$ cat upload.tsv   # TSV, C-alpha atoms
chain	number	residue	atom	x	y	z
A	102	MET	CA	-13.65	9.94	-35.43
A	103	THR	CA	-13.46	12.83	-32.99
A	104	LEU	CA	-13.16	16.39	-34.14
A	105	THR	CA	-10.25	18.44	-32.96
A	106	THR	CA	-10.84	22.13	-32.55
A	107	THR	CA	-7.52	23.38	-31.24
A	108	SER	CA	-3.81	23.30	-32.00
A	109	ILE	CA	-2.03	21.48	-34.78
A	110	VAL	CA	-3.40	18.17	-36.00
A	111	LYS	CA	-0.70	16.01	-37.55
A	112	VAL	CA	-1.59	13.70	-40.38
A	113	GLY	CA	0.81	10.79	-40.86
A	114	ILE	CA	1.62	8.84	-43.99
A	115	ALA	CA	-1.38	6.88	-45.29
A	116	ASP	CA	-3.51	8.66	-42.70
A	117	MET	CA	-6.51	11.02	-42.55
A	118	GLN	CA	-7.67	13.50	-39.90
A	119	LEU	CA	-10.55	15.93	-39.53
A	120	ALA	CA	-10.54	19.27	-37.75
A	121	THR	CA	-12.68	22.34	-37.32
A	122	SER	CA	-11.65	25.99	-37.22
A	123	PRO	CA	-9.31	27.26	-35.84
A	124	ALA	CA	-7.27	24.05	-35.75
A	125	ILE	CA	-4.44	23.56	-38.22
A	126	LEU	CA	-4.17	20.36	-40.21
A	127	LYS	CA	-0.62	19.52	-41.10
A	128	THR	CA	1.21	16.82	-43.01
A	129	ALA	CA	4.92	16.72	-43.77
A	130	GLY	CA	7.25	15.35	-46.37
A	131	LEU	CA	4.98	14.98	-49.37
A	132	GLY	CA	7.13	13.62	-52.13
A	133	SER	CA	5.34	11.36	-54.54
A	134	CYS	CA	2.50	11.20	-52.00
A	135	VAL	CA	-0.44	13.58	-52.41
A	136	GLY	CA	-1.94	15.67	-49.63
A	137	VAL	CA	-5.59	16.46	-50.30
A	138	VAL	CA	-7.76	18.63	-48.13
A	139	VAL	CA	-11.54	18.66	-48.56
A	140	TYR	CA	-13.42	21.35	-46.67
A	141	ASP	CA	-16.70	23.12	-46.13
A	142	LEU	CA	-15.89	26.79	-45.57
A	143	ALA	CA	-19.30	27.81	-44.26
A	144	ARG	CA	-19.34	25.09	-41.63
A	145	LYS	CA	-15.63	25.47	-40.91
A	146	ILE	CA	-14.80	21.81	-41.16
A	147	ALA	CA	-11.97	20.18	-43.07
A	148	GLY	CA	-10.30	16.82	-43.54
A	149	LEU	CA	-6.78	16.14	-44.76
A	150	ALA	CA	-5.60	12.86	-46.28
A	151	HIS	CA	-2.00	11.84	-47.01
A	152	ILE	CA	-2.26	9.42	-49.93
A	153	MET	CA	0.50	7.05	-51.04
A	154	LEU	CA	-0.90	5.05	-53.94
A	155	PRO	CA	-3.42	5.65	-56.72
A	156	ASP	CA	-5.53	2.50	-56.79
A	157	SER	CA	-6.65	0.02	-54.13
A	158	THR	CA	-7.76	-2.51	-56.72
A	159	ALA	CA	-4.17	-2.93	-58.03
A	160	SER	CA	-3.29	-4.91	-54.91
A	161	SER	CA	-3.78	-8.66	-54.82
A	162	LYS	CA	-5.29	-8.44	-51.33
A	163	PRO	CA	-8.19	-6.36	-50.00
A	164	PRO	CA	-6.80	-3.11	-48.55
A	165	THR	CA	-5.94	-3.19	-44.85
A	166	ASN	CA	-5.51	0.55	-44.63
A	167	LEU	CA	-8.16	2.50	-46.55
A	168	TYR	CA	-6.22	5.76	-46.18
A	169	LYS	CA	-3.32	4.49	-48.27
A	170	TYR	CA	-5.04	4.66	-51.66
A	171	ALA	CA	-6.55	7.62	-53.52
A	172	ASP	CA	-9.87	5.94	-54.27
A	173	THR	CA	-10.66	4.49	-50.84
A	174	SER	CA	-9.15	7.41	-48.93
A	175	ILE	CA	-11.30	10.05	-50.66
A	176	ASP	CA	-14.39	7.86	-50.19
A	177	GLN	CA	-13.67	7.81	-46.46
A	178	LEU	CA	-12.81	11.51	-46.37
A	179	VAL	CA	-16.07	12.58	-48.01
A	180	LYS	CA	-18.17	10.12	-46.00
A	181	THR	CA	-16.68	11.26	-42.69
A	182	LEU	CA	-17.05	14.96	-43.54
A	183	LEU	CA	-20.74	14.51	-44.40
A	184	LYS	CA	-21.29	12.55	-41.22
A	185	GLN	CA	-19.74	15.40	-39.22
A	186	GLY	CA	-22.20	17.87	-40.71
A	187	ALA	CA	-20.51	19.14	-43.86
A	188	GLU	CA	-22.77	19.95	-46.83
A	189	LYS	CA	-22.02	17.96	-49.98
A	190	LYS	CA	-22.61	20.96	-52.28
A	191	ALA	CA	-20.28	23.17	-50.26
A	192	LEU	CA	-17.28	20.88	-50.43
A	193	GLU	CA	-14.14	22.15	-52.10
A	194	ALA	CA	-10.64	20.67	-52.37
A	195	LYS	CA	-7.01	21.67	-52.52
A	196	LEU	CA	-4.10	19.40	-53.19
A	197	ALA	CA	-0.33	19.35	-53.05
A	198	GLY	CA	2.45	16.90	-53.73
A	199	GLY	CA	2.75	14.26	-56.42
A	200	ALA	CA	6.39	14.95	-57.16
A	201	GLN	CA	8.69	12.94	-59.31
A	202	MET	CA	11.45	12.56	-56.71
A	203	PHE	CA	13.94	10.73	-58.87
A	204	SER	CA	14.68	10.67	-62.54
A	205	PHE	CA	15.28	7.16	-63.74
A	206	ARG	CA	15.22	6.08	-67.33
A	207	SER	CA	13.23	3.06	-66.27
A	208	SER	CA	9.85	2.21	-67.71
A	209	ASN	CA	8.78	1.05	-64.25
A	210	GLN	CA	5.34	2.53	-63.56
A	211	MET	CA	6.16	2.76	-59.87
A	212	LEU	CA	8.71	5.46	-60.57
A	213	ARG	CA	6.12	7.86	-61.94
A	214	ILE	CA	3.89	7.22	-58.97
A	215	GLY	CA	3.58	10.97	-58.22
A	216	ASP	CA	1.80	11.71	-61.50
A	217	ARG	CA	-0.43	8.69	-61.13
A	218	ASN	CA	-1.38	9.72	-57.59
A	219	VAL	CA	-2.39	13.22	-58.74
A	220	GLU	CA	-4.40	11.82	-61.67
A	221	ALA	CA	-6.23	9.38	-59.39
A	222	VAL	CA	-7.06	12.07	-56.80
A	223	ILE	CA	-8.40	14.46	-59.44
A	224	ALA	CA	-10.52	11.72	-61.05
A	225	LYS	CA	-11.98	10.77	-57.67
A	226	LEU	CA	-12.77	14.39	-56.73
A	227	GLN	CA	-14.47	14.89	-60.11
A	228	GLN	CA	-16.57	11.81	-59.47
A	229	TYR	CA	-17.89	13.50	-56.30
A	230	GLN	CA	-18.15	16.80	-58.24
A	231	ILE	CA	-15.92	18.53	-55.73
A	232	PRO	CA	-14.25	21.58	-57.31
A	233	ILE	CA	-10.47	21.77	-56.98
A	234	ARG	CA	-9.59	25.28	-55.84
A	235	LEU	CA	-5.87	24.88	-55.80
A	236	LYS	CA	-3.41	22.43	-57.16
A	237	MET	CA	0.25	22.54	-56.50
A	238	SER	CA	2.41	19.90	-57.99
A	239	VAL	CA	6.03	20.21	-57.15
A	240	VAL	CA	8.36	18.80	-59.71
A	241	ILE	CA	11.22	17.45	-57.70
A	242	LYS	CA	10.92	18.75	-54.17
A	243	GLY	CA	9.22	17.45	-51.05
A	244	VAL	CA	6.75	19.84	-49.42
A	245	ARG	CA	4.98	20.44	-46.16
A	246	PHE	CA	1.28	21.05	-46.53
A	247	PHE	CA	-0.66	23.13	-44.03
A	248	PHE	CA	-4.30	23.97	-44.04
A	249	ILE	CA	-5.67	26.75	-41.88
A	250	SER	CA	-9.41	27.41	-42.13
A	251	LYS	CA	-9.41	29.56	-45.27
A	252	GLN	CA	-6.11	28.93	-46.95
A	253	ALA	CA	-3.67	26.22	-47.79
A	254	TYR	CA	-0.01	27.00	-47.86
A	255	TRP	CA	3.25	25.17	-47.91
A	256	ARG	CA	6.89	25.81	-47.35
B	78	MET	CA	5.58	-13.45	-51.05
B	79	VAL	CA	6.79	-14.11	-47.52
B	80	ASN	CA	4.41	-13.20	-44.73
B	81	MET	CA	5.91	-11.22	-41.88
B	82	GLU	CA	4.30	-13.63	-39.40
B	83	ASP	CA	6.12	-16.59	-40.95
B	84	LEU	CA	9.59	-15.16	-40.44
B	85	THR	CA	11.62	-17.08	-37.86
B	86	ASP	CA	14.69	-16.07	-35.88
B	87	GLN	CA	16.76	-17.89	-38.47
B	88	HIS	CA	15.35	-15.66	-41.21
B	89	PHE	CA	16.19	-12.56	-39.21
B	90	ASP	CA	19.72	-13.89	-38.64
B	91	ILE	CA	20.17	-14.31	-42.37
B	92	LEU	CA	18.99	-10.75	-43.04
B	93	LYS	CA	21.37	-9.54	-40.34
B	94	GLU	CA	24.22	-11.40	-41.98
B	95	ILE	CA	23.31	-9.76	-45.29
B	96	GLY	CA	23.61	-6.35	-43.65
B	97	ASN	CA	26.89	-7.41	-42.07
B	98	ILE	CA	28.52	-8.61	-45.25
B	99	GLY	CA	27.23	-5.74	-47.37
B	100	ALA	CA	28.03	-2.89	-45.00
B	101	GLY	CA	31.36	-4.48	-44.02
B	102	ASN	CA	32.42	-4.36	-47.63
B	103	ALA	CA	31.14	-0.79	-47.99
B	104	ALA	CA	33.01	0.28	-44.84
B	105	THR	CA	36.25	-1.07	-46.31
B	106	ALA	CA	35.61	0.88	-49.51
B	107	LEU	CA	34.92	4.11	-47.59
B	108	SER	CA	37.98	3.57	-45.42
B	109	ALA	CA	40.15	3.33	-48.54
B	110	MET	CA	38.56	6.47	-49.96
B	111	VAL	CA	39.00	8.80	-47.00
B	112	ASN	CA	42.05	7.01	-45.59
B	113	LYS	CA	40.51	6.67	-42.14
B	114	LYS	CA	39.38	3.81	-40.00
B	115	ILE	CA	35.64	3.16	-40.37
B	116	ASP	CA	33.62	1.30	-37.77
B	117	MET	CA	30.48	-0.64	-38.45
B	118	LYS	CA	27.59	-1.21	-36.10
B	119	VAL	CA	25.72	-4.49	-35.75
B	120	PRO	CA	22.94	-4.43	-38.34
B	121	ALA	CA	19.38	-4.01	-37.18
B	122	ILE	CA	16.54	-5.78	-38.92
B	123	LYS	CA	13.40	-3.79	-38.44
B	124	VAL	CA	9.85	-4.53	-39.32
B	125	VAL	CA	8.41	-1.03	-39.35
B	126	GLY	CA	5.32	0.88	-40.36
B	127	PHE	CA	5.80	3.78	-42.77
B	128	ASN	CA	5.62	6.43	-40.08
B	129	GLU	CA	8.07	4.54	-37.84
B	130	LEU	CA	10.70	4.37	-40.56
B	131	MET	CA	10.75	8.18	-40.69
B	132	GLU	CA	11.49	8.33	-36.98
B	133	GLU	CA	14.66	6.29	-37.62
B	134	VAL	CA	16.19	9.25	-39.40
B	135	GLY	CA	14.83	11.96	-37.10
B	136	GLY	CA	11.23	12.39	-38.23
B	137	PRO	CA	9.43	12.95	-41.56
B	138	GLU	CA	10.46	16.60	-41.79
B	139	GLU	CA	14.14	16.07	-41.02
B	140	GLU	CA	16.36	17.13	-43.87
B	141	ILE	CA	18.54	14.29	-45.11
B	142	VAL	CA	20.99	13.74	-47.91
B	143	SER	CA	20.39	10.47	-49.68
B	144	VAL	CA	21.86	8.48	-52.51
B	145	PHE	CA	19.07	6.28	-53.79
B	146	LEU	CA	19.27	3.45	-56.25
B	147	ARG	CA	16.87	0.80	-57.42
B	148	ILE	CA	18.06	-2.77	-57.54
B	149	GLU	CA	16.93	-4.72	-60.54
B	150	GLY	CA	17.35	-8.40	-61.32
B	151	GLN	CA	16.16	-11.53	-59.54
B	152	ALA	CA	15.58	-9.84	-56.17
B	153	PRO	CA	14.50	-6.24	-56.82
B	154	GLY	CA	14.47	-3.64	-54.08
B	155	SER	CA	15.53	-0.15	-53.05
B	156	MET	CA	18.76	0.94	-51.50
B	157	PHE	CA	19.42	4.20	-49.66
B	158	PHE	CA	22.66	5.59	-48.31
B	159	VAL	CA	21.56	8.32	-45.92
B	160	LEU	CA	23.68	11.07	-44.35
B	161	SER	CA	22.77	14.12	-42.30
B	162	PRO	CA	23.50	17.41	-44.13
B	163	ASN	CA	26.52	18.07	-41.87
B	164	GLU	CA	27.97	14.64	-42.46
B	165	ALA	CA	27.45	14.88	-46.20
B	166	GLU	CA	29.16	18.25	-46.25
B	167	SER	CA	32.17	16.98	-44.33
B	168	LEU	CA	32.39	13.82	-46.44
B	169	ALA	CA	32.33	15.84	-49.66
B	170	GLN	CA	35.00	18.19	-48.30
B	171	GLN	CA	37.30	15.24	-47.63
B	172	VAL	CA	36.71	13.59	-50.97
B	173	ILE	CA	37.14	16.67	-53.16
B	174	GLY	CA	39.80	18.20	-50.90
B	175	ASP	CA	38.00	21.54	-50.60
B	176	THR	CA	37.10	22.72	-47.10
B	177	ASN	CA	35.08	25.58	-48.59
B	178	PHE	CA	32.40	23.27	-49.98
B	179	ARG	CA	28.95	24.19	-48.68
B	180	LEU	CA	26.04	21.83	-49.28
B	181	HIS	CA	23.41	24.56	-49.57
B	182	ASP	CA	25.38	26.91	-51.77
B	183	HIS	CA	23.45	26.27	-54.96
B	184	ALA	CA	25.80	28.30	-57.13
B	185	SER	CA	28.84	26.13	-56.50
B	186	ASN	CA	27.82	22.87	-54.88
B	187	GLU	CA	27.55	20.83	-58.05
B	188	PHE	CA	30.99	19.25	-57.84
B	189	GLY	CA	30.59	18.30	-54.19
B	190	LEU	CA	27.12	16.83	-54.77
B	191	SER	CA	28.50	14.82	-57.63
B	192	ALA	CA	31.22	13.54	-55.26
B	193	ILE	CA	28.56	12.51	-52.71
B	194	GLN	CA	26.66	10.72	-55.46
B	195	GLU	CA	29.81	8.88	-56.52
B	196	VAL	CA	30.68	7.91	-52.94
B	197	GLY	CA	27.13	6.62	-52.47
B	198	ASN	CA	27.43	4.74	-55.73
B	199	ILE	CA	30.73	3.08	-54.78
B	200	LEU	CA	29.53	2.19	-51.28
B	201	SER	CA	26.18	0.83	-52.44
B	202	GLY	CA	27.97	-1.01	-55.23
B	203	SER	CA	30.32	-2.70	-52.74
B	204	TYR	CA	27.38	-3.54	-50.50
B	205	LEU	CA	25.42	-5.11	-53.32
B	206	SER	CA	28.30	-6.97	-54.95
B	207	ALA	CA	29.14	-8.59	-51.59
B	208	LEU	CA	25.49	-9.50	-51.19
B	209	SER	CA	25.32	-10.82	-54.72
B	210	ASP	CA	28.43	-13.01	-54.16
B	211	PHE	CA	26.97	-14.33	-50.91
B	212	THR	CA	23.58	-15.24	-52.35
B	213	SER	CA	24.53	-15.92	-56.00
B	214	ILE	CA	21.65	-13.62	-56.92
B	215	THR	CA	22.26	-11.18	-59.77
B	216	MET	CA	21.67	-7.60	-58.69
B	217	GLN	CA	21.87	-4.69	-61.07
B	218	PRO	CA	21.88	-1.29	-59.39
B	219	SER	CA	20.41	1.63	-61.33
B	220	VAL	CA	22.18	4.95	-61.78
B	221	PRO	CA	22.24	6.64	-58.35
B	222	ASN	CA	20.19	9.73	-57.52
B	223	VAL	CA	21.47	12.18	-54.94
B	224	THR	CA	18.71	14.14	-53.20
B	225	ILE	CA	18.60	16.68	-50.38
B	226	ASP	CA	15.07	16.80	-49.02
B	227	MET	CA	12.72	15.86	-46.21
B	228	ALA	CA	13.07	12.26	-45.04
B	229	ALA	CA	9.46	11.29	-45.78
B	230	ALA	CA	9.60	12.66	-49.33
B	231	ILE	CA	12.73	10.67	-50.12
B	232	LEU	CA	12.16	7.41	-48.29
B	233	MET	CA	8.55	6.96	-49.40
B	234	GLN	CA	9.73	6.52	-52.96
B	235	GLY	CA	11.58	3.38	-51.87
B	236	LEU	CA	8.48	2.09	-50.13
B	237	VAL	CA	6.11	2.37	-53.07
B	238	GLU	CA	6.62	-1.26	-54.17
B	239	VAL	CA	6.28	-2.55	-50.64
B	240	SER	CA	3.25	-0.42	-49.83
B	241	GLN	CA	1.25	-1.90	-52.69
B	242	GLU	CA	0.99	-5.18	-50.74
B	243	SER	CA	1.73	-4.34	-47.13
B	244	ASP	CA	1.59	-1.69	-44.43
B	245	TYR	CA	4.99	-2.69	-43.09
B	246	ALA	CA	8.47	-2.86	-44.54
B	247	ILE	CA	11.41	-5.04	-43.59
B	248	VAL	CA	14.43	-2.78	-43.39
B	249	ILE	CA	18.03	-3.91	-43.11
B	250	ASP	CA	19.60	-0.93	-41.37
B	251	THR	CA	23.37	-0.69	-40.96
B	252	THR	CA	25.38	2.25	-39.71
B	253	ILE	CA	28.98	2.93	-40.60
B	254	GLU	CA	30.93	5.56	-38.76
B	255	GLU	CA	34.36	7.15	-38.76
B	256	GLU	CA	36.34	5.99	-35.74
B	257	GLY	CA	36.11	8.41	-32.83
B	258	THR	CA	33.11	10.64	-32.38
B	259	SER	CA	34.68	14.01	-33.08
B	260	ALA	CA	32.53	16.65	-34.71
B	261	GLY	CA	32.30	16.23	-38.45
B	262	ALA	CA	32.87	12.47	-38.28
B	263	THR	CA	31.14	10.71	-41.13
B	264	LYS	CA	28.26	8.48	-40.12
B	265	GLY	CA	25.99	6.97	-42.71
B	266	HIS	CA	22.95	4.72	-42.73
B	267	PHE	CA	22.39	2.02	-45.29
B	268	PHE	CA	18.76	1.11	-45.76
B	269	LEU	CA	18.15	-1.97	-47.86
B	270	LEU	CA	14.45	-2.45	-48.63
B	271	PRO	CA	13.83	-5.62	-50.63
B	272	ASP	CA	10.54	-5.69	-52.55
B	273	PRO	CA	7.99	-8.07	-50.98
B	274	GLY	CA	8.62	-10.80	-53.56
B	275	SER	CA	12.38	-10.70	-53.07
B	276	PHE	CA	12.53	-12.26	-49.62
B	277	SER	CA	11.61	-15.72	-50.85
B	278	GLN	CA	14.32	-15.37	-53.53
B	279	ILE	CA	16.94	-14.45	-50.93
B	280	PHE	CA	15.94	-17.20	-48.48
B	281	GLN	CA	15.78	-19.76	-51.25
B	282	ALA	CA	19.24	-18.82	-52.51
B	283	ILE	CA	20.66	-19.41	-49.05
B	284	GLY	CA	18.72	-22.61	-48.66
B	285	VAL	CA	16.27	-21.83	-45.88
$ encode --input "upload.tsv" --output "structure tokens"
Amino acid sequence: MTLTTTSIVKVGIADMQLATSPAILKTAGLGSCVGVVVYDLARKIAGLAHIMLPDSTASSKPPTNLYKYADTSIDQLVKTLLKQGAEKKALEAKLAGGAQMFSFRSSNQMLRIGDRNVEAVIAKLQQYQIPIRLKMSVVIKGVRFFFISKQAYWR
Amino acid sequence: MVNMEDLTDQHFDILKEIGNIGAGNAATALSAMVNKKIDMKVPAIKVVGFNELMEEVGGPEEEIVSVFLRIEGQAPGSMFFVLSPNEAESLAQQVIGDTNFRLHDHASNEFGLSAIQEVGNILSGSYLSALSDFTSITMQPSVPNVTIDMAAAILMQGLVEVSQESDYAIVIDTTIEEEGTSAGATKGHFFLLPDPGSFSQIFQAIGV
């Protein structure tokens, strides 16, 4: 993975990208998906993952895209950040998304996927002992998630 | 579970015919509702990655108006009727007979939104009942949800089932359009996204 240092770095669905200051990491249209950014402020390096599903082991086949699931995506994110020189103890995280886009009276677990995504991301970050500095869960609205060196914001 | 690689031209033709029959029926219903001639485009069967699907409606950040319903029964899946905000506004104006309706006026748009939801419900219902007659597969649509939001936020919800098993989705995309291309003409997309397990049900019902 190459590090981008300039301009806006777009992160697609089920995707992950790394960037260093002053680049802007951006992902759009987070509904039930969760955008999680893990960063090392002192070393000015950050990675943003756009996660679709909570658990890679729920699939009957081995995952083809590691960035799709919360567990495998955060593993990759942390591993890549450390490889690029981030310090494990300095890592912090912010997350956005995990909305319940539709209200159905169905018991189908898939329809509360937003909640399950957020729960899975938090559990995985706790496993790595990465503090969560900011959490924004929108109830019924899609969001854009930006991350610029020191702050995360959305609109 | 049907593998994408195993799908033949014949399979794609069947899916195309499904789009044809369903959207044809929906176009007739819409035509009766707005008392105008409605044209239908040849359905497109697309095997797309998640990010590609967003490009179909103008990119992940594009604001869309969608009526979404889940299909339950023997061949579960997701169904979207997608309009651009302008088209939705004009459609609602015609249906409720109020040219002052504004989609983004949160104080007074409830009636118009409800009209859009009902139109989406009737059109999706005609689509699915035609499909159900054709395949003899029982399909129960859920209560529709009308949403105005970014394309990625809305459409990803319909892809959750599919994404569990695959990085691609098979989309039956059909466009219906008011005759003539004058400004404010209604043009809507139907996206039918069968769950991965449903394809074998559909093909089996037709005898392929």
$ interface_residues --input "upload.tsv" --of "chain A" --to "chain B" --cutoff "6 Å" --atoms "only C-alpha atoms" --output "PyMOL selection string"
chain A and resi 129-132+160+243
$ residues_around --input "upload.tsv" --residues "stretch 158-161 of chain B" --least-positions-apart "4" --cutoff "6 Å" --atoms "only C-alpha atoms" --output "PDB file with C-alpha atoms, keeping the file's coordinate frame"
ATOM      1  CA  ILE B 141      18.540  14.290 -45.110  1.00  0.00           C
ATOM      2  CA  VAL B 142      20.990  13.740 -47.910  1.00  0.00           C
ATOM      3  CA  SER B 143      20.390  10.470 -49.680  1.00  0.00           C
ATOM      4  CA  VAL B 144      21.860   8.480 -52.510  1.00  0.00           C
ATOM      5  CA  ALA B 165      27.450  14.880 -46.200  1.00  0.00           C
ATOM      6  CA  GLY B 265      25.990   6.970 -42.710  1.00  0.00           C
ATOM      7  CA  HIS B 266      22.950   4.720 -42.730  1.00  0.00           C
ATOM      8  CA  PHE B 267      22.390   2.020 -45.290  1.00  0.00           C
TER       9      PHE B 267
END
$ residues_around --input "upload.tsv" --residues "stretch 173-176 of chain B" --least-positions-apart "6" --cutoff "9 Å" --atoms "only C-alpha atoms" --output "PyMOL selection string"
chain B and resi 167+188-189+192
$ write_last_selection --input "upload.tsv" --atoms "C-alpha atoms" --output "mmCIF file, in the coordinates of the input"
data_model
loop_
_atom_site.group_PDB
_atom_site.id
_atom_site.type_symbol
_atom_site.label_atom_id
_atom_site.label_comp_id
_atom_site.auth_asym_id
_atom_site.auth_seq_id
_atom_site.Cartn_x
_atom_site.Cartn_y
_atom_site.Cartn_z
ATOM 1 C CA SER B 167 32.170 16.980 -44.330
ATOM 2 C CA PHE B 188 30.990 19.250 -57.840
ATOM 3 C CA GLY B 189 30.590 18.300 -54.190
ATOM 4 C CA ALA B 192 31.220 13.540 -55.260
#
$ residues_around --input "upload.tsv" --residues "A:Lys236" --least-positions-apart "6" --cutoff "8 Å" --atoms "only C-alpha atoms" --output "VMD selection string"
chain A and resid 195 to 197
$ residues_around --input "upload.tsv" --residues "A:Lys189" --least-positions-apart "4" --cutoff "10 Å" --atoms "only C-alpha atoms" --output "MDAnalysis selection string"
chainID A and resid 140:141 179:180 182:183 193 229:231
$ closest_residue --input "upload.tsv" --among "A:Leu192, A:Cys134, A:Ala159, A:Leu167" --to "A:Ile146" --atoms "only C-alpha atoms"
A:Leu192
$ atom_distance --input "upload.tsv" --atom1 "atom CA of B:Ser275" --atom2 "atom CA of A:Ser174"
28.4 Å
$ residues_around --input "upload.tsv" --residues "B:Ala100" --least-positions-apart "3" --cutoff "10 Å" --atoms "all atoms listed in the file" --output "JSON, numbers by chain"
{"B": [94, 95, 96, 97, 103, 104, 105, 106, 117, 118, 119, 120, 200, 201, 203, 204, 205, 207, 208, 250, 251, 252, 253, 266, 267]}
$ atom_distance --input "upload.tsv" --atom1 "atom CA of A:Ile214" --atom2 "atom CA of B:Leu92"
28.4 Å
$ atom_distance --input "upload.tsv" --atom1 "atom CA of B:His183" --atom2 "atom CA of B:Phe157"
23.1 Å
$ closest_residue --input "upload.tsv" --among "A:Gly198, A:Gly148, A:Pro232, A:Pro155" --to "A:Asp116" --atoms "all atoms listed in the file"
A:Gly148
$ closest_residue --input "upload.tsv" --among "A:Pro164, A:Gly215, A:Gly136, A:Gly113" --to "A:Leu235" --atoms "only C-alpha atoms"
A:Gly136
$ closest_residue --input "upload.tsv" --among "A:Lys145, A:Lys127, A:Arg234, A:Lys111" --to "A:Ala194" --atoms "only C-alpha atoms"
A:Arg234
$ decode --input "upload.tsv" --residues "stretch 172-189 of chain A" --atoms "N, CA and C atoms" --output "PDB file, in the first residue's frame"
ATOM      1  N   ASP A 172     -14.301  -7.334  11.504  1.00  0.00           N
ATOM      2  CA  ASP A 172     -13.170  -8.015  12.147  1.00  0.00           C
ATOM      3  C   ASP A 172     -11.911  -8.022  11.260  1.00  0.00           C
ATOM      4  N   THR A 173     -12.065  -8.487  10.017  1.00  0.00           N
ATOM      5  CA  THR A 173     -10.889  -8.584   9.148  1.00  0.00           C
ATOM      6  C   THR A 173     -10.388  -7.214   8.697  1.00  0.00           C
ATOM      7  N   SER A 174     -11.318  -6.276   8.510  1.00  0.00           N
ATOM      8  CA  SER A 174     -10.944  -4.944   8.047  1.00  0.00           C
ATOM      9  C   SER A 174     -10.089  -4.218   9.079  1.00  0.00           C
ATOM     10  N   ILE A 175     -10.485  -4.292  10.353  1.00  0.00           N
ATOM     11  CA  ILE A 175      -9.721  -3.591  11.397  1.00  0.00           C
ATOM     12  C   ILE A 175      -8.373  -4.279  11.625  1.00  0.00           C
ATOM     13  N   ASP A 176      -8.337  -5.604  11.495  1.00  0.00           N
ATOM     14  CA  ASP A 176      -7.046  -6.311  11.537  1.00  0.00           C
ATOM     15  C   ASP A 176      -6.089  -5.736  10.492  1.00  0.00           C
ATOM     16  N   GLN A 177      -6.593  -5.613   9.271  1.00  0.00           N
ATOM     17  CA  GLN A 177      -5.776  -5.094   8.173  1.00  0.00           C
ATOM     18  C   GLN A 177      -5.363  -3.644   8.419  1.00  0.00           C
ATOM     19  N   LEU A 178      -6.338  -2.866   8.892  1.00  0.00           N
ATOM     20  CA  LEU A 178      -6.111  -1.441   9.127  1.00  0.00           C
ATOM     21  C   LEU A 178      -4.969  -1.239  10.130  1.00  0.00           C
ATOM     22  N   VAL A 179      -5.059  -1.950  11.243  1.00  0.00           N
ATOM     23  CA  VAL A 179      -4.046  -1.798  12.300  1.00  0.00           C
ATOM     24  C   VAL A 179      -2.691  -2.319  11.800  1.00  0.00           C
ATOM     25  N   LYS A 180      -2.709  -3.459  11.149  1.00  0.00           N
ATOM     26  CA  LYS A 180      -1.468  -4.061  10.649  1.00  0.00           C
ATOM     27  C   LYS A 180      -0.752  -3.120   9.671  1.00  0.00           C
ATOM     28  N   THR A 181      -1.544  -2.554   8.750  1.00  0.00           N
ATOM     29  CA  THR A 181      -0.955  -1.671   7.739  1.00  0.00           C
ATOM     30  C   THR A 181      -0.424  -0.382   8.360  1.00  0.00           C
ATOM     31  N   LEU A 182      -1.173   0.166   9.333  1.00  0.00           N
ATOM     32  CA  LEU A 182      -0.720   1.394   9.994  1.00  0.00           C
ATOM     33  C   LEU A 182       0.610   1.166  10.702  1.00  0.00           C
ATOM     34  N   LEU A 183       0.729   0.033  11.411  1.00  0.00           N
ATOM     35  CA  LEU A 183       1.963  -0.259  12.148  1.00  0.00           C
ATOM     36  C   LEU A 183       3.124  -0.437  11.179  1.00  0.00           C
ATOM     37  N   LYS A 184       2.828  -1.091  10.062  1.00  0.00           N
ATOM     38  CA  LYS A 184       3.863  -1.314   9.050  1.00  0.00           C
ATOM     39  C   LYS A 184       4.360   0.004   8.463  1.00  0.00           C
ATOM     40  N   GLN A 185       3.450   0.990   8.395  1.00  0.00           N
ATOM     41  CA  GLN A 185       3.816   2.295   7.829  1.00  0.00           C
ATOM     42  C   GLN A 185       4.399   3.229   8.894  1.00  0.00           C
ATOM     43  N   GLY A 186       4.684   2.687  10.073  1.00  0.00           N
ATOM     44  CA  GLY A 186       5.404   3.484  11.060  1.00  0.00           C
ATOM     45  C   GLY A 186       4.588   4.058  12.198  1.00  0.00           C
ATOM     46  N   ALA A 187       3.299   3.730  12.254  1.00  0.00           N
ATOM     47  CA  ALA A 187       2.486   4.214  13.372  1.00  0.00           C
ATOM     48  C   ALA A 187       2.878   3.450  14.638  1.00  0.00           C
ATOM     49  N   GLU A 188       2.666   4.102  15.792  1.00  0.00           N
ATOM     50  CA  GLU A 188       2.994   3.500  17.083  1.00  0.00           C
ATOM     51  C   GLU A 188       1.726   2.915  17.688  1.00  0.00           C
ATOM     52  N   LYS A 189       1.769   1.653  18.073  1.00  0.00           N
ATOM     53  CA  LYS A 189       0.560   0.980  18.565  1.00  0.00           C
ATOM     54  C   LYS A 189      -0.107   1.752  19.706  1.00  0.00           C
TER      55      LYS A 189
END
